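> If you scroll down you'll find the structure; I have some questions about it.
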Amino acid sequence: MKNKICLVTGATSGIGQATAKALAQKGATVIVAGRSPELCQNTVALIQSETGNPNIHYLLADLSVQAQVRGLAAEFKSRYVRLDVLVNNAASIFFSRQVSADGIEMNFAVNHLAYFLLTNLLLETLKASAPARIVNVASNSHRGKHLDFDNLELERGYSPGRAYGCSKLANLYFTYELSRRLKGTGVTVNAMHPGFVRTNMAANNGWLVRFFLPLVHLNSLTPEEGARTIIYLASSPDVESVTGKYFVRERDVPSDPVSYDESIAKRLWDVSEEMTKGMA
């Protein structure tokens, strides 16, 4: 990965940090994206110290806020001339229905629209850097879900499992539709399921959730174990030309049959463009 530039979102903890560290160990220049200046600075220092790689930097953005996603993309393009790997990892789950600063349901805003907007804003840079790779962290939580375009933001019948699962299903529609649109460009895009990983996800839902998280995660994977498939998709020559696939444990597996409906994928793309104001 020497001379490669990689951008990893949600990289100040969990599988994002494990991914950033592993890519740094392979010699890549890694840009850590996160919300907190302190956590970003600490992550950069930690990775530099543990890998001996000085080429670790950070960019700040709250990915639930579209203006900050745009700012992140603009700052990246002002600093770097290429992008070899984009890892869309940042995700959250909200136990009660909340809306973002843009008035969008938070699971959908963070877990889908941030992927969609940031990737499209950086797409020309990725194409100019081809061969380049996009890795979207999805989840098996998409199974058994479906998107209701008349209730996409779950104003009716909200539940955290449904909201999170639908946002992860949206990741797959986005991945498959983007792979079709990128045909012939030299840019690949794949999605993956990391497994049930010991992270801070859901800690934003209050002290009681934070108290029980260690019990919930007694038998869960470590962040390093959860990151393995991301690292594989980001760096392995075995998947250099593979695109539009869903991976679990470094293997290409079928996602839920509903996720392959191209008409839904195209409709979601159009709706996402509208919700991100045409990506102008």
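Chain lettering (A, B, ...) mirrors the order of the structure tokens, residue numbering begins at 1 for each chain separately, and ligand numbering begins at 1 in order of display.
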Which residues in segment 99-166 of chain A does DSSP call alpha helix (DSSP H)? List them as a PDB file with N, CA and C atoms, in the first residue's frame.

```
ATOM      1  N   MET A 106     -31.967  10.168  11.683  1.00  0.00           N
ATOM      2  CA  MET A 106     -30.531  10.066  11.905  1.00  0.00           C
ATOM      3  C   MET A 106     -29.896   8.779  11.378  1.00  0.00           C
ATOM      4  N   ASN A 107     -30.530   7.625  11.534  1.00  0.00           N
ATOM      5  CA  ASN A 107     -29.944   6.399  10.980  1.00  0.00           C
ATOM      6  C   ASN A 107     -29.738   6.537   9.478  1.00  0.00           C
ATOM      7  N   PHE A 108     -30.751   7.062   8.801  1.00  0.00           N
ATOM      8  CA  PHE A 108     -30.682   7.225   7.346  1.00  0.00           C
ATOM      9  C   PHE A 108     -29.637   8.278   6.967  1.00  0.00           C
ATOM     10  N   ALA A 114     -24.666   9.860   4.226  1.00  0.00           N
ATOM     11  CA  ALA A 114     -23.265  10.283   4.340  1.00  0.00           C
ATOM     12  C   ALA A 114     -22.385   9.478   3.390  1.00  0.00           C
ATOM     13  N   TYR A 115     -22.625   8.164   3.298  1.00  0.00           N
ATOM     14  CA  TYR A 115     -21.898   7.337   2.323  1.00  0.00           C
ATOM     15  C   TYR A 115     -22.131   7.879   0.915  1.00  0.00           C
ATOM     16  N   PHE A 116     -23.415   8.075   0.607  1.00  0.00           N
ATOM     17  CA  PHE A 116     -23.816   8.482  -0.738  1.00  0.00           C
ATOM     18  C   PHE A 116     -23.193   9.823  -1.122  1.00  0.00           C
ATOM     19  N   LEU A 117     -23.312  10.809  -0.244  1.00  0.00           N
ATOM     20  CA  LEU A 117     -22.841  12.151  -0.558  1.00  0.00           C
ATOM     21  C   LEU A 117     -21.321  12.216  -0.623  1.00  0.00           C
ATOM     22  N   LEU A 118     -20.643  11.689   0.395  1.00  0.00           N
ATOM     23  CA  LEU A 118     -19.182  11.766   0.411  1.00  0.00           C
ATOM     24  C   LEU A 118     -18.583  11.039  -0.787  1.00  0.00           C
ATOM     25  N   THR A 119     -19.097   9.862  -1.087  1.00  0.00           N
ATOM     26  CA  THR A 119     -18.561   9.098  -2.220  1.00  0.00           C
ATOM     27  C   THR A 119     -18.735   9.850  -3.521  1.00  0.00           C
ATOM     28  N   ASN A 120     -19.911  10.403  -3.744  1.00  0.00           N
ATOM     29  CA  ASN A 120     -20.145  11.125  -4.993  1.00  0.00           C
ATOM     30  C   ASN A 120     -19.304  12.391  -5.096  1.00  0.00           C
ATOM     31  N   LEU A 121     -19.081  13.057  -3.976  1.00  0.00           N
ATOM     32  CA  LEU A 121     -18.235  14.259  -3.992  1.00  0.00           C
ATOM     33  C   LEU A 121     -16.778  13.929  -4.298  1.00  0.00           C
ATOM     34  N   LEU A 123     -15.869  11.206  -6.167  1.00  0.00           N
ATOM     35  CA  LEU A 123     -15.853  10.227  -7.247  1.00  0.00           C
ATOM     36  C   LEU A 123     -14.877  10.590  -8.369  1.00  0.00           C
ATOM     37  N   GLU A 124     -14.818  11.855  -8.737  1.00  0.00           N
ATOM     38  CA  GLU A 124     -13.895  12.242  -9.812  1.00  0.00           C
ATOM     39  C   GLU A 124     -12.444  12.032  -9.382  1.00  0.00           C
ATOM     40  N   THR A 125     -12.149  12.280  -8.107  1.00  0.00           N
ATOM     41  CA  THR A 125     -10.801  12.035  -7.595  1.00  0.00           C
ATOM     42  C   THR A 125     -10.479  10.551  -7.632  1.00  0.00           C
ATOM     43  N   LEU A 126     -11.432   9.718  -7.246  1.00  0.00           N
ATOM     44  CA  LEU A 126     -11.246   8.267  -7.305  1.00  0.00           C
ATOM     45  C   LEU A 126     -11.025   7.799  -8.741  1.00  0.00           C
ATOM     46  N   LYS A 127     -11.821   8.302  -9.655  1.00  0.00           N
ATOM     47  CA  LYS A 127     -11.668   7.913 -11.062  1.00  0.00           C
ATOM     48  C   LYS A 127     -10.299   8.319 -11.604  1.00  0.00           C
ATOM     49  N   ALA A 128      -9.848   9.502 -11.230  1.00  0.00           N
ATOM     50  CA  ALA A 128      -8.545   9.983 -11.696  1.00  0.00           C
ATOM     51  C   ALA A 128      -7.399   9.186 -11.088  1.00  0.00           C
ATOM     52  N   PRO A 160     -35.585   0.984  16.424  1.00  0.00           N
ATOM     53  CA  PRO A 160     -34.160   1.092  16.107  1.00  0.00           C
ATOM     54  C   PRO A 160     -33.682  -0.021  15.184  1.00  0.00           C
ATOM     55  N   GLY A 161     -34.170  -1.242  15.401  1.00  0.00           N
ATOM     56  CA  GLY A 161     -33.754  -2.350  14.546  1.00  0.00           C
ATOM     57  C   GLY A 161     -34.183  -2.157  13.107  1.00  0.00           C
ATOM     58  N   ARG A 162     -35.421  -1.687  12.942  1.00  0.00           N
ATOM     59  CA  ARG A 162     -35.930  -1.448  11.593  1.00  0.00           C
ATOM     60  C   ARG A 162     -35.172  -0.303  10.921  1.00  0.00           C
ATOM     61  N   ALA A 163     -34.964   0.778  11.662  1.00  0.00           N
ATOM     62  CA  ALA A 163     -34.285   1.944  11.088  1.00  0.00           C
ATOM     63  C   ALA A 163     -32.852   1.606  10.704  1.00  0.00           C
ATOM     64  N   TYR A 164     -32.146   0.928  11.597  1.00  0.00           N
ATOM     65  CA  TYR A 164     -30.752   0.563  11.318  1.00  0.00           C
ATOM     66  C   TYR A 164     -30.683  -0.433  10.157  1.00  0.00           C
ATOM     67  N   GLY A 165     -31.520  -1.456  10.195  1.00  0.00           N
ATOM     68  CA  GLY A 165     -31.501  -2.464   9.147  1.00  0.00           C
ATOM     69  C   GLY A 165     -31.820  -1.888   7.774  1.00  0.00           C
ATOM     70  N   CYS A 166     -32.787  -0.969   7.723  1.00  0.00           N
ATOM     71  CA  CYS A 166     -33.126  -0.337   6.447  1.00  0.00           C
ATOM     72  C   CYS A 166     -31.977   0.531   5.928  1.00  0.00           C
TER      73      CYS A 166
END
```
> I'd like the contact shell of Pro237 of chain A - 12 Å cut-off, only C-alpha atoms, skipping same-chain residues fewer than 4 positions apart - returned as JSON, numbers by chain.
{"A": [1, 131, 132, 133, 231, 232, 233, 241, 242]}
> So which one's closest to Val135 of chain A, A:Gly103, A:Gly52, A:Pro254, A:Pro194? Using only C-alpha atoms, please.
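Answer, going by the shortest atom-to-atom distance: A:Pro194.
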> With a distance cut-off of 10 Å and only C-alpha atoms, select the neighbouring residues of Leu178 of chain A, excluding the residue or stretch itself and same-chain residues fewer than 6 positions from it, and output the selection as a list in words.
Phe116, Thr119, Asn120, Ile134, Leu172, Val187, Thr188, Val189, Asn190, Thr243, Gly244, Ala265, Lys266 and Trp269 of chain A
> For Ala28 of chain A, please output as a list in words all residues within 7 Å (counting only C-alpha atoms; exclusion window: fewer than 2 positions along the same chain).
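The residues satisfying every condition are Met1, Lys2, Asn3, Lys4, Ile5, Cys6, Leu23, Ala24, Lys26 and Val30 of chain A.
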> Let's have the selection written as a PDB file, in the first residue's frame, with C-alpha atoms.

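again-v8.pdb, written as the output of this step:
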```pdb
ATOM      1  CA  MET A   1       0.000   0.000   0.000  1.00  0.00           C
ATOM      2  CA  LYS A   2       3.006   2.332  -0.224  1.00  0.00           C
ATOM      3  CA  ASN A   3       2.218   5.531  -2.136  1.00  0.00           C
ATOM      4  CA  LYS A   4      -1.517   4.800  -1.714  1.00  0.00           C
ATOM      5  CA  ILE A   5      -3.821   7.357  -0.083  1.00  0.00           C
ATOM      6  CA  CYS A   6      -6.696   5.991   1.989  1.00  0.00           C
ATOM      7  CA  LEU A  23      -3.541   0.203   6.276  1.00  0.00           C
ATOM      8  CA  ALA A  24      -0.856   2.333   7.925  1.00  0.00           C
ATOM      9  CA  LYS A  26       1.005  -1.662   5.036  1.00  0.00           C
ATOM     10  CA  VAL A  30      -4.089   7.273   5.894  1.00  0.00           C
TER      11      VAL A  30
END
```
> Can you work out the spacing between atom CA of Thr43 of chain A and atom CA of Leu60 of chain A in Å, to one decimal?
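A separation of 12.6 Å between them.
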> What's the separation between atom CA of Ile104 of chain A and atom CA of Ser272 of chain A, in Å to one decimal place?
11.4 Å
